[in-house]
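Have a look at the structure below before the remarks.
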Amino acid sequence: MAHSGFDEQMAALDALKGQPVDGAALELIGKSLAGKSNFLAAKAVRLAEENQLVDLVPAMIAAFERFFVNAEKSDPQCWAKNALSRALAKLGCRDKEVFLRGLNHHQMEPVWGGRSDTAGTLRGNCAHGLMGCEGLVTQDVLVLLVDLLADEDKAVRVEAVRAIAQLDDMAVPVLRLRALIPGEEPEVLAVCFSALLAIDRDAAIPFVARSLAKGDDGAGEAAFALADTHHPAALEALMAARRQPGNDPWFVGVLLSAIALTRLPQAINSLIGLIEAEDHEAPRVIEALLKSSPAAEIRARIEQAVEETGSARLRKAFEAGASRD
């Protein structure tokens, strides 16, 4: 019978999605928040978030605290706590103690061959939730979030960087240091580079460009972060890196793609010039340009350059790239 009640409640919550919230719906959402099922609570929280049910914030805080008790059994996979931490932040909860509770939580659960921490998403959510909390000045927030930059979970480090980036100028030294420490995952470096370029583009371009010399996955992330600025100085750095001797063929392809993605006229002109000159990298240039989803005018220029060379090799490269477009 208990299972039947769960199924009925689940179906009732599913039926509320996209519907106006009336008194009966509020009662059901509140009942689910107060219940023992972490899965039903998570469903209810998503409805509260979608419908901006700010009046339910106190009940959500109470549920959040409850699911930390015997957490591995009361909230396996942190389904409820993940949903609650995200919704509380979006619904305007400014109680720092709520998010500090989740910021430091690790939940080790059985997996094949051992145990694994399932609370990474929770820590990342709480990092964002701390922003703007009452009783915390900017320096306090920075100190609290710095620890997450050394979290074993890569996804947590990514969210920590994104949260720290909201501190603007104060974030710059910390993000630079994180980017300089050897061994960081490319995904984390990508958000570091993008954040630095967003905060202070002119100062960050030469800093991020230094990473191009490594020619590794992190350098690839630096290249694409620079491309996203669509700035002439970033293009200059990318083109200088391409001219360096001894680049790995894979990294040459990355640089050509990044140059194309700057979408700057001088970048397009330079790449088409390589096609016209039948440079040994011309097939890679064609591929990079076509992958950048060029405007019809640019695409026509690429095709014309290929045709004028009379090269069967370049025609084949163009046709292959166009077929993947």
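Residue numbering restarts at 1 in every chain; chains get A, B, ... in the order shown in the structure tokens, and ligands count up from 1 in that same order.
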
Residue contacts of Ile164 in chain A (12 Å, only C-alpha atoms) excluding same-chain residues fewer than 4 positions away, as JSON, numbers by chain: {"A": [124, 127, 128, 129, 130, 131, 138, 139, 140, 141, 142, 143, 144, 145, 146, 147, 148, 149, 157, 158, 159, 160, 168, 169, 170, 171, 172, 173, 174, 175, 176, 178, 191, 192, 195, 196, 199]}

With C-alpha atoms retained, could you export that selection as an mmCIF file, in the first residue's frame?
data_model
loop_
_atom_site.group_PDB
_atom_site.id
_atom_site.type_symbol
_atom_site.label_atom_id
_atom_site.label_comp_id
_atom_site.auth_asym_id
_atom_site.auth_seq_id
_atom_site.Cartn_x
_atom_site.Cartn_y
_atom_site.Cartn_z
ATOM 1 C CA GLY A 124 28.598 23.486 -6.213
ATOM 2 C CA ALA A 127 28.904 27.868 -3.605
ATOM 3 C CA HIS A 128 26.534 29.886 -5.804
ATOM 4 C CA GLY A 129 23.978 30.161 -3.004
ATOM 5 C CA LEU A 130 26.461 31.938 -0.762
ATOM 6 C CA MET A 131 26.698 34.854 -3.167
ATOM 7 C CA THR A 138 33.124 39.771 -0.315
ATOM 8 C CA GLN A 139 36.352 38.710 1.354
ATOM 9 C CA ASP A 140 34.469 36.246 3.579
ATOM 10 C CA VAL A 141 32.879 34.636 0.530
ATOM 11 C CA LEU A 142 36.221 34.378 -1.247
ATOM 12 C CA VAL A 143 37.846 32.663 1.726
ATOM 13 C CA LEU A 144 34.982 30.174 1.948
ATOM 14 C CA LEU A 145 35.081 29.334 -1.744
ATOM 15 C CA VAL A 146 38.852 28.998 -2.103
ATOM 16 C CA ASP A 147 38.758 25.596 -0.406
ATOM 17 C CA LEU A 148 36.486 24.303 -3.178
ATOM 18 C CA LEU A 149 39.199 25.026 -5.753
ATOM 19 C CA ARG A 157 35.987 23.072 -8.912
ATOM 20 C CA VAL A 158 34.259 24.283 -12.068
ATOM 21 C CA GLU A 159 31.323 25.695 -10.081
ATOM 22 C CA ALA A 160 33.698 27.209 -7.510
ATOM 23 C CA ASP A 168 34.977 40.527 -10.213
ATOM 24 C CA ASP A 169 38.373 42.173 -9.567
ATOM 25 C CA MET A 170 38.898 40.384 -6.248
ATOM 26 C CA ALA A 171 38.638 37.065 -8.080
ATOM 27 C CA VAL A 172 41.489 37.748 -10.493
ATOM 28 C CA PRO A 173 44.524 36.767 -8.346
ATOM 29 C CA VAL A 174 42.813 33.582 -7.152
ATOM 30 C CA LEU A 175 41.763 32.508 -10.645
ATOM 31 C CA ARG A 176 45.210 33.255 -12.041
ATOM 32 C CA ARG A 178 44.328 28.256 -10.026
ATOM 33 C CA VAL A 191 36.188 28.347 -16.987
ATOM 34 C CA CYS A 192 39.199 30.039 -15.359
ATOM 35 C CA ALA A 195 36.215 34.180 -16.288
ATOM 36 C CA LEU A 196 39.490 36.110 -16.377
ATOM 37 C CA ILE A 199 36.495 40.342 -15.834
#

Which of range 5-126 of chain A DSSP labels helix (DSSP H, G or I), written as a ChimeraX atom specification: /A:5-16,23-34,38-50,54-66,71-74,76-90,96-103,120-126

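Ranking A:Phe318, A:Phe251, A:Phe99, A:Phe207 by their shortest atom-to-atom distance to Lys291 in chain A, with only C-alpha atoms included, puts A:Phe318 first.
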
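Relative to CA of Glu8 in chain A, CA of Thr121 in chain A is found at 28.7 Å.
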
Selection near Leu274 in chain A, 12 Å with only C-alpha atoms, sequence-local residues under 2 positions removed, as a count of residues only: 24

For range 39-44 of chain A: contacts at 10 Å, only C-alpha atoms, fewer than 5 positions along chain excluded, given as a PDB file with C-alpha atoms, in the first residue's frame:
ATOM      1  CA  PHE A   6       4.139   6.803  -3.490  1.00  0.00           C
ATOM      2  CA  ASP A   7       3.089   6.149  -7.074  1.00  0.00           C
ATOM      3  CA  GLN A   9       1.732  11.072  -5.100  1.00  0.00           C
ATOM      4  CA  MET A  10       4.362  10.963  -7.836  1.00  0.00           C
ATOM      5  CA  LEU A  13       3.131  15.915  -8.695  1.00  0.00           C
ATOM      6  CA  ASP A  14       3.884  15.129 -12.326  1.00  0.00           C
ATOM      7  CA  LEU A  16       1.120  19.752 -11.727  1.00  0.00           C
ATOM      8  CA  LYS A  17       3.971  20.543 -14.108  1.00  0.00           C
ATOM      9  CA  ALA A  25      -1.517  21.904  -5.363  1.00  0.00           C
ATOM     10  CA  LEU A  26       0.133  23.903  -2.572  1.00  0.00           C
ATOM     11  CA  LEU A  28       0.403  18.479  -2.097  1.00  0.00           C
ATOM     12  CA  ILE A  29       3.733  20.263  -2.572  1.00  0.00           C
ATOM     13  CA  GLY A  30       3.917  21.034   1.141  1.00  0.00           C
ATOM     14  CA  LYS A  31       3.060  17.441   2.044  1.00  0.00           C
ATOM     15  CA  SER A  32       5.795  16.145  -0.251  1.00  0.00           C
ATOM     16  CA  LEU A  33       8.330  18.531   1.234  1.00  0.00           C
ATOM     17  CA  ALA A  34       7.500  17.331   4.729  1.00  0.00           C
ATOM     18  CA  GLU A  49      11.095  26.720  -7.956  1.00  0.00           C
ATOM     19  CA  GLU A  50       9.306  26.811 -11.304  1.00  0.00           C
ATOM     20  CA  MET A  60      12.162  24.076   2.212  1.00  0.00           C
ATOM     21  CA  ALA A  63      13.381  19.885   4.676  1.00  0.00           C
ATOM     22  CA  PHE A  64      16.966  20.730   3.738  1.00  0.00           C
ATOM     23  CA  PHE A  67      17.825  15.427   4.813  1.00  0.00           C
ATOM     24  CA  ASP A  75      18.633  11.226   0.871  1.00  0.00           C
ATOM     25  CA  PRO A  76      20.621   8.782  -1.311  1.00  0.00           C
ATOM     26  CA  GLN A  77      22.323  10.476  -4.267  1.00  0.00           C
ATOM     27  CA  CYS A  78      21.499  13.838  -2.609  1.00  0.00           C
ATOM     28  CA  TRP A  79      18.432  14.187  -4.828  1.00  0.00           C
ATOM     29  CA  ALA A  80      16.491  16.272  -2.317  1.00  0.00           C
ATOM     30  CA  LYS A  81      19.431  18.356  -1.084  1.00  0.00           C
ATOM     31  CA  ASN A  82      20.537  19.118  -4.641  1.00  0.00           C
ATOM     32  CA  ALA A  83      17.083  20.341  -5.625  1.00  0.00           C
ATOM     33  CA  LEU A  84      16.617  22.265  -2.387  1.00  0.00           C
ATOM     34  CA  ALA A  87      15.814  26.302  -5.432  1.00  0.00           C
TER      35      ALA A  87
END

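With only C-alpha atoms as the atoms that count, the residue of A:Ile61, A:Ala317, A:Leu235, A:Ala295 with the shortest distance to Gly102 in chain A is A:Ile61.
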
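Using only C-alpha atoms, the smallest distance between any of A:Leu53, A:Ala155, A:Ile259, A:Leu136 and Gly220 in chain A comes from A:Ile259.
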
Between CA of Asp95 in chain A and CA of Gly135 in chain A, distance in Å (one decimal): 8.5 Å

Separation of CA of Leu226 in chain A from CA of Ser257 in chain A, in Å and rounded to one decimal: 11.5 Å

Near-Gly18 in chain A list (9 Å; only C-alpha atoms; drop same-chain fewer than 3 positions) as a list in words: Ala15, Leu47, Glu50 and Asn51 of chain A

Using N, CA, C and O atoms, can you write the selected residues to a file as a PDB file, in the first residue's frame?
ATOM      1  N   ALA A  15       1.548  15.686 -12.613  1.00  0.00           N
ATOM      2  CA  ALA A  15       0.406  16.326 -13.266  1.00  0.00           C
ATOM      3  C   ALA A  15       0.388  17.841 -13.046  1.00  0.00           C
ATOM      4  O   ALA A  15      -0.275  18.574 -13.790  1.00  0.00           O
ATOM      5  N   LEU A  47       8.833  22.006  -8.515  1.00  0.00           N
ATOM      6  CA  LEU A  47       7.583  22.732  -8.761  1.00  0.00           C
ATOM      7  C   LEU A  47       7.571  24.078  -8.040  1.00  0.00           C
ATOM      8  O   LEU A  47       7.112  25.086  -8.580  1.00  0.00           O
ATOM      9  N   GLU A  50       9.880  26.393 -10.032  1.00  0.00           N
ATOM     10  CA  GLU A  50       9.306  26.811 -11.304  1.00  0.00           C
ATOM     11  C   GLU A  50       8.183  27.828 -11.124  1.00  0.00           C
ATOM     12  O   GLU A  50       7.998  28.714 -11.968  1.00  0.00           O
ATOM     13  N   ASN A  51       7.441  27.711 -10.026  1.00  0.00           N
ATOM     14  CA  ASN A  51       6.300  28.596  -9.794  1.00  0.00           C
ATOM     15  C   ASN A  51       6.607  29.740  -8.831  1.00  0.00           C
ATOM     16  O   ASN A  51       5.695  30.459  -8.425  1.00  0.00           O
TER      17      ASN A  51
END
